[in-house]
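Source file structure16.tsv; content: TSV, C-alpha atoms.
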chain	number	residue	atom	x	y	z
A	429	MET	CA	24.46	-4.43	18.48
A	430	SER	CA	22.29	-1.45	17.48
A	431	ARG	CA	18.88	-1.22	19.12
A	432	VAL	CA	16.09	-0.28	16.71
A	433	LEU	CA	12.59	0.89	17.62
A	434	ILE	CA	10.03	0.69	14.83
A	435	VAL	CA	7.26	3.22	15.45
A	436	CYS	CA	3.94	2.81	13.62
A	437	THR	CA	0.56	4.34	14.29
A	438	THR	CA	-1.10	0.93	13.90
A	439	ASP	CA	-0.23	-2.73	14.42
A	440	SER	CA	-1.76	-3.49	11.00
A	441	MET	CA	1.06	-1.57	9.27
A	442	ILE	CA	3.62	-3.88	10.87
A	443	TRP	CA	1.53	-6.98	10.14
A	444	ASN	CA	0.88	-6.15	6.49
A	445	PHE	CA	4.20	-4.66	5.39
A	446	LEU	CA	7.10	-4.73	7.83
A	447	VAL	CA	7.53	-8.29	9.15
A	448	PRO	CA	10.00	-9.41	6.40
A	449	HIS	CA	12.10	-6.29	6.97
A	450	ILE	CA	12.14	-6.79	10.74
A	451	LYS	CA	13.30	-10.37	10.25
A	452	ASN	CA	15.99	-9.24	7.80
A	453	LEU	CA	17.30	-6.60	10.21
A	454	THR	CA	17.30	-9.12	13.07
A	455	ASP	CA	19.15	-11.69	10.96
A	456	ASN	CA	21.80	-9.04	10.27
A	457	GLY	CA	22.49	-8.28	13.92
A	458	TYR	CA	20.01	-5.54	14.82
A	459	ASP	CA	17.94	-5.76	18.01
A	460	VAL	CA	14.48	-4.72	16.80
A	461	GLU	CA	11.43	-3.79	18.89
A	462	CYS	CA	8.09	-2.27	17.84
A	463	ALA	CA	5.81	0.44	19.23
A	464	CYS	CA	2.25	0.85	17.93
A	465	SER	CA	-1.42	1.02	18.86
A	466	ILE	CA	-3.63	-2.05	19.04
A	467	THR	CA	-6.31	-2.02	16.32
A	468	GLY	CA	-7.27	-5.69	16.15
A	469	TYR	CA	-5.78	-9.15	16.47
A	470	PHE	CA	-2.54	-8.12	14.72
A	471	TYR	CA	-0.69	-7.07	17.87
A	472	LYS	CA	-1.10	-10.44	19.58
A	473	LYS	CA	-0.38	-12.38	16.38
A	474	LEU	CA	2.86	-10.46	15.84
A	475	GLN	CA	3.97	-11.68	19.25
A	476	GLU	CA	2.72	-15.25	18.88
A	477	LEU	CA	3.63	-16.02	15.26
A	478	TYR	CA	6.81	-13.98	14.85
A	479	GLY	CA	8.02	-13.51	18.41
A	480	LEU	CA	8.27	-9.74	18.01
A	481	SER	CA	8.96	-7.53	21.01
A	482	MET	CA	5.92	-5.25	21.07
A	483	HIS	CA	5.15	-2.10	23.07
A	484	GLN	CA	1.65	-0.65	23.20
A	485	VAL	CA	1.50	3.08	22.50
A	486	ASP	CA	-2.03	4.47	22.31
A	487	PHE	CA	-1.74	6.40	19.06
A	488	ALA	CA	-4.93	7.73	17.48
A	489	ARG	CA	-5.01	7.86	13.69
A	490	SER	CA	-6.34	11.42	13.74
A	491	PRO	CA	-3.50	13.87	14.39
A	492	TYR	CA	-6.02	16.09	16.19
A	493	SER	CA	-7.03	13.52	18.83
A	494	MET	CA	-6.11	14.30	22.45
A	495	ARG	CA	-5.21	10.62	22.83
A	496	ASN	CA	-1.96	11.45	21.10
A	497	VAL	CA	-0.82	13.54	24.09
A	498	ARG	CA	-0.77	10.36	26.15
A	499	ALA	CA	0.85	8.46	23.27
A	500	PHE	CA	3.62	11.06	23.12
A	501	MET	CA	4.35	10.60	26.82
A	502	GLN	CA	4.30	6.80	26.47
A	503	LEU	CA	6.80	6.99	23.62
A	504	CYS	CA	9.07	9.31	25.63
A	505	CYS	CA	9.06	6.88	28.57
A	506	LEU	CA	9.86	3.99	26.25
A	507	MET	CA	12.77	5.84	24.66
A	508	LYS	CA	14.14	6.95	28.03
A	509	ARG	CA	13.90	3.44	29.49
A	510	ASN	CA	15.37	1.44	26.61
A	511	LYS	CA	17.79	3.92	25.01
A	512	TYR	CA	17.35	2.94	21.36
A	513	ASP	CA	20.04	3.82	18.84
A	514	ILE	CA	17.75	4.07	15.79
A	515	VAL	CA	14.07	5.04	15.48
A	516	PHE	CA	12.49	3.77	12.26
A	517	CYS	CA	9.06	5.38	11.91
A	518	HIS	CA	6.04	5.06	9.61
A	519	GLU	CA	2.55	6.52	9.00
A	520	PRO	CA	1.57	10.15	9.66
A	521	VAL	CA	1.06	10.15	13.44
A	522	GLY	CA	3.70	7.54	14.27
A	523	GLY	CA	6.04	9.20	11.81
A	524	ALA	CA	5.64	12.66	13.38
A	525	MET	CA	5.98	11.53	16.99
A	526	GLY	CA	8.73	9.04	16.22
A	527	ARG	CA	10.84	11.74	14.63
A	528	ILE	CA	10.36	14.28	17.40
A	529	VAL	CA	10.89	11.83	20.26
A	530	GLY	CA	13.80	10.15	18.49
A	531	HIS	CA	15.47	13.53	18.08
A	532	LEU	CA	14.81	14.47	21.73
A	533	TYR	CA	16.52	11.30	22.93
A	534	LYS	CA	19.42	11.62	20.48
A	535	ALA	CA	18.64	8.54	18.39
A	536	THR	CA	19.28	8.34	14.65
A	537	VAL	CA	15.90	8.90	12.99
A	538	VAL	CA	14.81	7.10	9.81
A	539	TYR	CA	11.38	7.94	8.37
A	540	MET	CA	9.73	6.00	5.56
A	541	ALA	CA	7.08	7.98	3.70
A	542	HIS	CA	4.56	5.51	2.27
A	543	GLY	CA	3.00	8.36	0.29
A	544	PHE	CA	2.95	12.00	1.33
A	545	HIS	CA	-0.56	13.29	2.09
A	546	PHE	CA	0.04	16.15	-0.32
A	547	TYR	CA	0.31	15.09	-3.95
A	548	LYS	CA	-0.58	16.23	-7.45
A	549	GLY	CA	-4.35	16.50	-7.58
A	550	ALA	CA	-4.81	16.63	-3.79
A	551	PRO	CA	-7.34	19.05	-2.24
A	552	LYS	CA	-5.89	22.50	-1.55
A	553	SER	CA	-6.29	21.90	2.17
A	554	ALA	CA	-3.62	19.18	1.94
A	555	VAL	CA	-0.94	21.86	1.59
A	556	ILE	CA	-0.75	21.90	5.41
A	557	TYR	CA	0.87	18.46	5.23
A	558	TYR	CA	3.61	19.84	3.01
A	559	TYR	CA	4.64	22.35	5.66
A	560	ILE	CA	4.37	19.74	8.42
A	561	GLU	CA	6.67	17.39	6.50
A	562	LYS	CA	9.05	20.22	5.73
A	563	PHE	CA	9.22	21.10	9.43
A	564	LEU	CA	9.67	17.49	10.58
A	565	ALA	CA	12.42	16.92	8.02
A	566	ARG	CA	14.85	18.79	10.28
A	567	TYR	CA	14.39	16.02	12.86
A	568	THR	CA	15.01	13.30	10.27
A	569	ASP	CA	18.41	11.80	9.53
A	570	VAL	CA	17.24	9.62	6.62
A	571	LEU	CA	14.04	10.22	4.66
A	572	ILE	CA	12.99	7.21	2.59
A	573	THR	CA	10.48	7.62	-0.26
A	574	ILE	CA	8.96	4.94	-2.47
A	575	ASN	CA	7.91	6.82	-5.61
A	576	LYS	CA	9.50	9.44	-7.83
A	577	GLU	CA	7.01	12.25	-7.15
A	578	ASP	CA	7.63	12.06	-3.39
A	579	TYR	CA	11.39	11.76	-3.90
A	580	ASP	CA	11.47	14.91	-6.03
A	581	VAL	CA	9.65	16.78	-3.25
A	582	ALA	CA	11.89	15.29	-0.55
A	583	LYS	CA	14.95	16.67	-2.30
A	584	LYS	CA	13.74	20.15	-1.30
A	585	PHE	CA	13.61	19.23	2.41
A	586	TYR	CA	16.47	19.65	4.85
A	587	THR	CA	17.50	16.15	5.93
A	588	LYS	CA	20.94	14.59	6.10
A	589	GLU	CA	20.01	11.95	3.54
A	590	LYS	CA	17.15	11.20	1.14
A	591	CYS	CA	16.74	7.96	-0.74
A	592	LEU	CA	14.30	6.27	-3.09
A	593	LEU	CA	13.48	2.60	-2.43
A	594	ASN	CA	11.54	0.27	-4.71
A	595	GLY	CA	8.52	0.26	-2.43
A	596	ILE	CA	8.03	-2.01	0.56
A	597	GLY	CA	8.56	-5.14	-1.57
A	598	VAL	CA	6.44	-7.91	-3.07
A	599	ASP	CA	6.96	-11.62	-2.49
A	600	THR	CA	7.34	-12.95	-6.04
A	601	SER	CA	7.84	-16.47	-4.70
A	602	ARG	CA	4.25	-16.40	-3.45
A	603	PHE	CA	2.64	-14.30	-6.14
A	604	VAL	CA	3.35	-16.14	-9.39
A	605	HIS	CA	1.61	-16.44	-12.72
A	606	LYS	CA	-0.54	-19.56	-13.22
A	607	PRO	CA	-3.08	-20.59	-15.85
A	608	LYS	CA	-6.47	-19.05	-15.17
A	609	SER	CA	-8.21	-21.10	-12.49
A	610	ASP	CA	-11.87	-21.70	-11.69
A	611	TYR	CA	-11.26	-20.70	-8.05
A	612	LEU	CA	-13.41	-17.59	-8.24
A	613	PHE	CA	-15.94	-18.92	-10.71
A	614	GLN	CA	-17.08	-21.66	-8.35
A	615	GLU	CA	-17.51	-19.17	-5.54
A	616	LEU	CA	-19.52	-16.68	-7.60
A	617	ASN	CA	-21.20	-19.22	-9.86
A	618	ILE	CA	-20.16	-17.54	-13.10
A	619	ASN	CA	-18.82	-18.84	-16.39
A	620	LYS	CA	-15.05	-19.31	-16.68
A	621	GLU	CA	-15.11	-17.78	-20.17
A	622	GLU	CA	-16.46	-14.49	-18.85
A	623	THR	CA	-14.09	-11.60	-18.11
A	624	VAL	CA	-13.22	-10.84	-14.49
A	625	LEU	CA	-11.83	-7.49	-13.36
A	626	LEU	CA	-10.34	-7.52	-9.86
A	627	SER	CA	-9.65	-4.72	-7.38
A	628	VAL	CA	-8.03	-5.23	-3.98
A	629	GLY	CA	-8.35	-2.48	-1.40
A	630	GLU	CA	-10.37	-0.99	1.42
A	631	LEU	CA	-13.89	0.21	0.70
A	632	ILE	CA	-13.04	3.84	1.32
A	633	LYS	CA	-13.29	7.00	-0.77
A	634	ARG	CA	-9.55	7.10	-1.48
A	635	LYS	CA	-9.74	3.80	-3.38
A	636	ASN	CA	-12.44	5.20	-5.71
A	637	HIS	CA	-14.27	1.92	-6.41
A	638	GLU	CA	-17.45	3.85	-7.22
A	639	THR	CA	-16.09	5.12	-10.53
A	640	MET	CA	-15.49	1.53	-11.64
A	641	ILE	CA	-18.93	0.40	-10.47
A	642	ARG	CA	-20.55	3.16	-12.53
A	643	ALA	CA	-18.38	2.31	-15.54
A	644	ILE	CA	-19.55	-1.31	-15.36
A	645	GLU	CA	-23.16	-0.12	-15.21
A	646	GLU	CA	-22.73	2.05	-18.33
A	647	ILE	CA	-20.99	-0.70	-20.33
A	648	LYS	CA	-24.00	-3.00	-19.86
A	649	ARG	CA	-22.15	-6.26	-20.58
A	650	PRO	CA	-23.17	-9.08	-18.22
A	651	ASP	CA	-20.14	-11.09	-19.38
A	652	ILE	CA	-17.81	-8.58	-17.66
A	653	HIS	CA	-17.65	-8.98	-13.87
A	654	TYR	CA	-16.10	-6.56	-11.39
A	655	VAL	CA	-14.86	-8.16	-8.16
A	656	ILE	CA	-13.66	-6.16	-5.13
A	657	ALA	CA	-11.70	-7.78	-2.29
A	658	GLY	CA	-11.70	-5.60	0.80
A	659	ASP	CA	-13.86	-4.18	3.56
A	660	GLY	CA	-14.35	-0.72	4.96
A	661	GLU	CA	-16.66	2.10	5.93
A	662	LEU	CA	-18.36	2.33	2.50
A	663	GLU	CA	-19.41	-1.32	2.32
A	664	ASP	CA	-23.12	-0.65	3.00
A	665	TYR	CA	-23.10	2.30	0.59
A	666	TYR	CA	-21.61	0.18	-2.19
A	667	ARG	CA	-24.06	-2.67	-1.59
A	668	ASP	CA	-26.97	-0.23	-1.83
A	669	LEU	CA	-25.48	1.34	-4.98
A	670	ILE	CA	-25.08	-2.06	-6.66
A	671	ILE	CA	-28.73	-2.91	-5.90
A	672	GLN	CA	-29.89	0.55	-7.03
A	673	LEU	CA	-28.07	0.15	-10.36
A	674	GLY	CA	-29.39	-3.39	-10.79
A	675	LEU	CA	-25.94	-4.92	-11.19
A	676	ASN	CA	-25.56	-8.69	-10.96
A	677	ASN	CA	-21.98	-8.57	-12.20
A	678	VAL	CA	-20.39	-6.54	-9.38
A	679	HIS	CA	-19.30	-8.63	-6.40
A	680	LEU	CA	-18.06	-7.50	-2.95
A	681	LEU	CA	-15.96	-10.29	-1.44
A	682	GLY	CA	-15.05	-8.64	1.86
A	683	TYR	CA	-11.61	-8.92	3.46
A	684	ARG	CA	-9.56	-11.71	1.89
A	685	THR	CA	-6.25	-13.40	2.63
A	686	ASP	CA	-6.17	-15.38	-0.65
A	687	VAL	CA	-5.21	-12.52	-2.97
A	688	ASN	CA	-2.75	-14.69	-4.91
A	689	GLU	CA	-5.55	-17.12	-5.76
A	690	LEU	CA	-7.91	-14.28	-6.69
A	691	CYS	CA	-5.31	-12.79	-9.04
A	692	ASN	CA	-4.89	-16.10	-10.84
A	693	ALA	CA	-8.66	-16.38	-11.28
A	694	ALA	CA	-8.96	-12.88	-12.79
A	695	ASP	CA	-8.26	-11.45	-16.24
A	696	ILE	CA	-7.54	-7.78	-15.46
A	697	PHE	CA	-6.48	-5.90	-12.34
A	698	VAL	CA	-7.98	-2.45	-11.70
A	699	ILE	CA	-6.65	0.21	-9.33
A	700	PRO	CA	-8.74	3.41	-9.67
A	701	SER	CA	-7.37	5.13	-6.53
A	702	TYR	CA	-7.13	8.86	-5.93
A	703	GLN	CA	-3.99	8.38	-3.86
A	704	GLU	CA	-1.30	5.69	-3.53
A	705	GLY	CA	2.29	5.53	-2.37
A	706	LEU	CA	3.45	2.44	-4.26
A	707	SER	CA	0.66	-0.11	-4.12
A	708	VAL	CA	1.62	-3.60	-2.90
A	709	ALA	CA	-1.69	-4.95	-4.23
A	710	LEU	CA	-0.79	-3.65	-7.68
A	711	MET	CA	2.67	-5.23	-7.53
A	712	GLU	CA	1.13	-8.55	-6.44
A	713	ALA	CA	-1.21	-8.48	-9.44
A	714	MET	CA	1.70	-7.66	-11.76
A	715	ALA	CA	3.68	-10.61	-10.37
A	716	CYS	CA	0.69	-12.85	-11.20
A	717	GLY	CA	0.83	-11.67	-14.81
A	718	LEU	CA	-2.29	-9.51	-14.89
A	719	PRO	CA	-2.67	-6.53	-17.22
A	720	VAL	CA	-3.72	-3.39	-15.37
A	721	ILE	CA	-6.15	-0.52	-15.65
A	722	ALA	CA	-4.79	2.16	-13.30
A	723	SER	CA	-5.55	5.75	-12.42
A	724	ARG	CA	-2.83	8.07	-13.69
A	725	ILE	CA	-1.46	9.03	-10.27
A	726	ARG	CA	1.76	8.95	-8.26
A	727	GLY	CA	2.91	5.39	-7.59
A	728	ASN	CA	0.80	3.82	-10.32
A	729	VAL	CA	2.82	5.63	-13.00
A	730	ASP	CA	6.02	4.37	-11.34
A	731	LEU	CA	4.87	0.79	-11.93
A	732	ILE	CA	2.76	0.86	-15.10
A	733	GLN	CA	3.89	2.21	-18.44
A	734	ASN	CA	0.88	3.12	-20.53
A	735	ASP	CA	0.04	0.60	-23.29
A	736	VAL	CA	2.89	-1.66	-22.10
A	737	GLY	CA	1.83	-3.13	-18.76
A	738	GLY	CA	-1.66	-1.73	-18.86
A	739	ILE	CA	-3.76	1.34	-19.53
A	740	LEU	CA	-3.51	4.55	-17.49
A	741	VAL	CA	-6.68	6.61	-17.17
A	742	GLY	CA	-7.77	9.88	-15.59
A	743	VAL	CA	-8.78	9.17	-12.02
A	744	ASP	CA	-12.39	10.40	-12.47
A	745	GLU	CA	-12.70	9.96	-16.25
A	746	LEU	CA	-15.58	7.50	-16.56
A	747	SER	CA	-15.32	7.35	-20.36
A	748	GLU	CA	-11.62	6.40	-20.15
A	749	TYR	CA	-12.38	3.55	-17.75
A	750	LYS	CA	-15.11	2.26	-20.06
A	751	GLU	CA	-12.84	2.42	-23.11
A	752	ALA	CA	-9.99	0.64	-21.27
A	753	ILE	CA	-12.30	-2.10	-19.93
A	754	ILE	CA	-13.77	-2.85	-23.36
A	755	LYS	CA	-10.36	-2.74	-25.07
A	756	LEU	CA	-8.82	-5.30	-22.72
A	757	ALA	CA	-11.94	-7.46	-22.38
A	758	ASN	CA	-12.04	-7.88	-26.16
A	759	ASN	CA	-8.35	-8.64	-26.69
A	760	LYS	CA	-6.87	-11.72	-24.96
A	761	LYS	CA	-3.57	-11.40	-26.82
A	762	LEU	CA	-3.08	-7.82	-25.61
A	763	ARG	CA	-3.86	-8.89	-22.04
A	764	LYS	CA	-1.33	-11.71	-22.28
A	765	ASN	CA	1.44	-9.46	-23.62
A	766	MET	CA	0.81	-6.83	-20.95
A	767	GLY	CA	0.81	-9.50	-18.27
A	768	TYR	CA	4.20	-10.87	-19.33
A	769	SER	CA	5.58	-7.33	-19.38
A	770	ASN	CA	4.40	-6.83	-15.79
A	771	ILE	CA	6.01	-10.07	-14.61
A	772	ASP	CA	9.34	-8.82	-15.91
A	773	ARG	CA	8.83	-5.26	-14.65
A	774	VAL	CA	7.96	-6.20	-11.07
A	775	LYS	CA	11.14	-8.24	-10.50
A	776	GLN	CA	13.03	-5.12	-9.42
A	777	PHE	CA	10.42	-4.59	-6.69
A	778	ASP	CA	10.85	-8.09	-5.25
A	779	ILE	CA	10.99	-8.26	-1.44
A	780	LEU	CA	14.54	-9.66	-1.44
A	781	SER	CA	15.76	-6.75	-3.54
A	782	VAL	CA	14.05	-4.19	-1.30
A	783	GLU	CA	15.40	-5.90	1.85
A	784	LYS	CA	18.92	-5.38	0.50
A	785	GLN	CA	18.18	-1.73	-0.25
A	786	LEU	CA	16.80	-1.09	3.23
A	787	LEU	CA	19.64	-2.98	4.95
A	788	SER	CA	22.09	-0.82	3.00
A	789	VAL	CA	20.41	2.29	4.42
A	790	PHE	CA	20.80	1.00	7.98
A	791	GLU	CA	24.39	-0.06	7.44
A	792	SER	CA	25.21	3.43	6.17
A	793	LEU	CA	24.14	4.83	9.54
Would you mind writing the file's structure down as structure tokens?
Amino acid sequence: MSRVLIVCTTDSMIWNFLVPHIKNLTDNGYDVECACSITGYFYKKLQELYGLSMHQVDFARSPYSMRNVRAFMQLCCLMKRNKYDIVFCHEPVGGAMGRIVGHLYKATVVYMAHGFHFYKGAPKSAVIYYYIEKFLARYTDVLITINKEDYDVAKKFYTKEKCLLNGIGVDTSRFVHKPKSDYLFQELNINKEETVLLSVGELIKRKNHETMIRAIEEIKRPDIHYVIAGDGELEDYYRDLIIQLGLNNVHLLGYRTDVNELCNAADIFVIPSYQEGLSVALMEAMACGLPVIASRIRGNVDLIQNDVGGILVGVDELSEYKEAIIKLANNKKLRKNMGYSNIDRVKQFDILSVEKQLLSVFESL
């Protein structure tokens, strides 16, 4: 039986994305343990709800934090003590340390890039991440990417194997299309006939919610509501901006666990991000049959074909957002056709399909 250590910077990465894959590997004979930092209640819940074998490693998210010196030593001790055969690592800090330590202790190293930090349109300073990834590639046996732009870059790196997976997977048995519900309308006290645009994501600069908020303000149609599910460091800023602009049709819902219900109460999904790998939130919305307005960036273009499953717009092009919002808000038939196209498109990204792809990678080792 091969012993696998999953290395993540944060426990939330494991909680949000990796549990089905851990279960699948375990069911197929792998002995899987996890190493990560504790960021909230996730660590304890992973032990209690899923019975995962967890090891605390005090990673800091910033690669420049001195805490990571201690984390490196903790990871070395863990590898020396338990003699893992495979290290499967994720996220920038966990991914860097996992690869180096895995190589030092002669384990097979698998790294999954959930979106390189250098990308088309990134600040020039991000070029440093290209050279870091290029350097770390020599300590990587298998480099997994989840979008075409990253895969094309990975092909230039020296690793034994590179592969392209269909993301981290979406549970299409949970996220299914249903007739539009009044679930959200009761909560917000708005009319069911009005148009609801939904975004799901942290309130951080990378998610670019501000561009959508300003587009809603310029459209000046009270029958179009913009709803954001998520929390984050910009929450107070966005609340102040909404008040400043006098908007009664922009709603911050905070962190939510009922995204499937929210999707089936919305008319259009919006993802205006500056940067994505391959968005799970977008795939969940597609599975629920929502048409999409998406920024024309890596990951989004892998999922959405323009004028088929939605409308692609320039990431900061306010006029393009406004035009797309009005076009879809005024055309129910177009929304319906795009939604059905997305239901069909997202099937290849289903969690069961991705589990098979990932298992195949491990079996090839």
Residue with smallest distance to A:Ile753 - pool A:Leu625, A:Leu669, A:Leu690, A:Leu681, counting only C-alpha atoms: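 Among the listed residues, A:Leu625 lies closest to A:Ile753.
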Would you please work out which residue, of A:Asp513, A:Glu519, A:Asp664, A:Glu589, is nearest to A:His531 when using all atoms listed in the file?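 For A:His531, the nearest of the candidates is A:Asp513.
For the choices A:Leu786, A:Lys606, A:Asn758, A:Ser707, the atom-to-atom distance to A:Glu622 is smallest for A:Asn758 when using all atoms listed in the file.
Interatomic distance, atom CA of A:Pro491 to atom CA of A:Tyr586: 22.9 Å.
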Counting only C-alpha atoms, closest pick from A:Ile732, A:Ala693, A:Ile434, A:Ala709 relative to A:Gly597 is A:Ala709
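Proximity to A:Gln672 was assessed for A:Ile656, A:Met507, A:Ile641, A:Leu780 counting all atoms listed in the file; the smallest distance is recorded for A:Ile641.
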Nearest to A:His449, chosen from A:Ile699, A:Lys750, A:Thr685, A:Val598, with all atoms listed in the file counted in the distances: A:Val598
Two-atom distance - atom CA of A:Cys504, atom CA of A:Val537 (Å): 14.4 Å
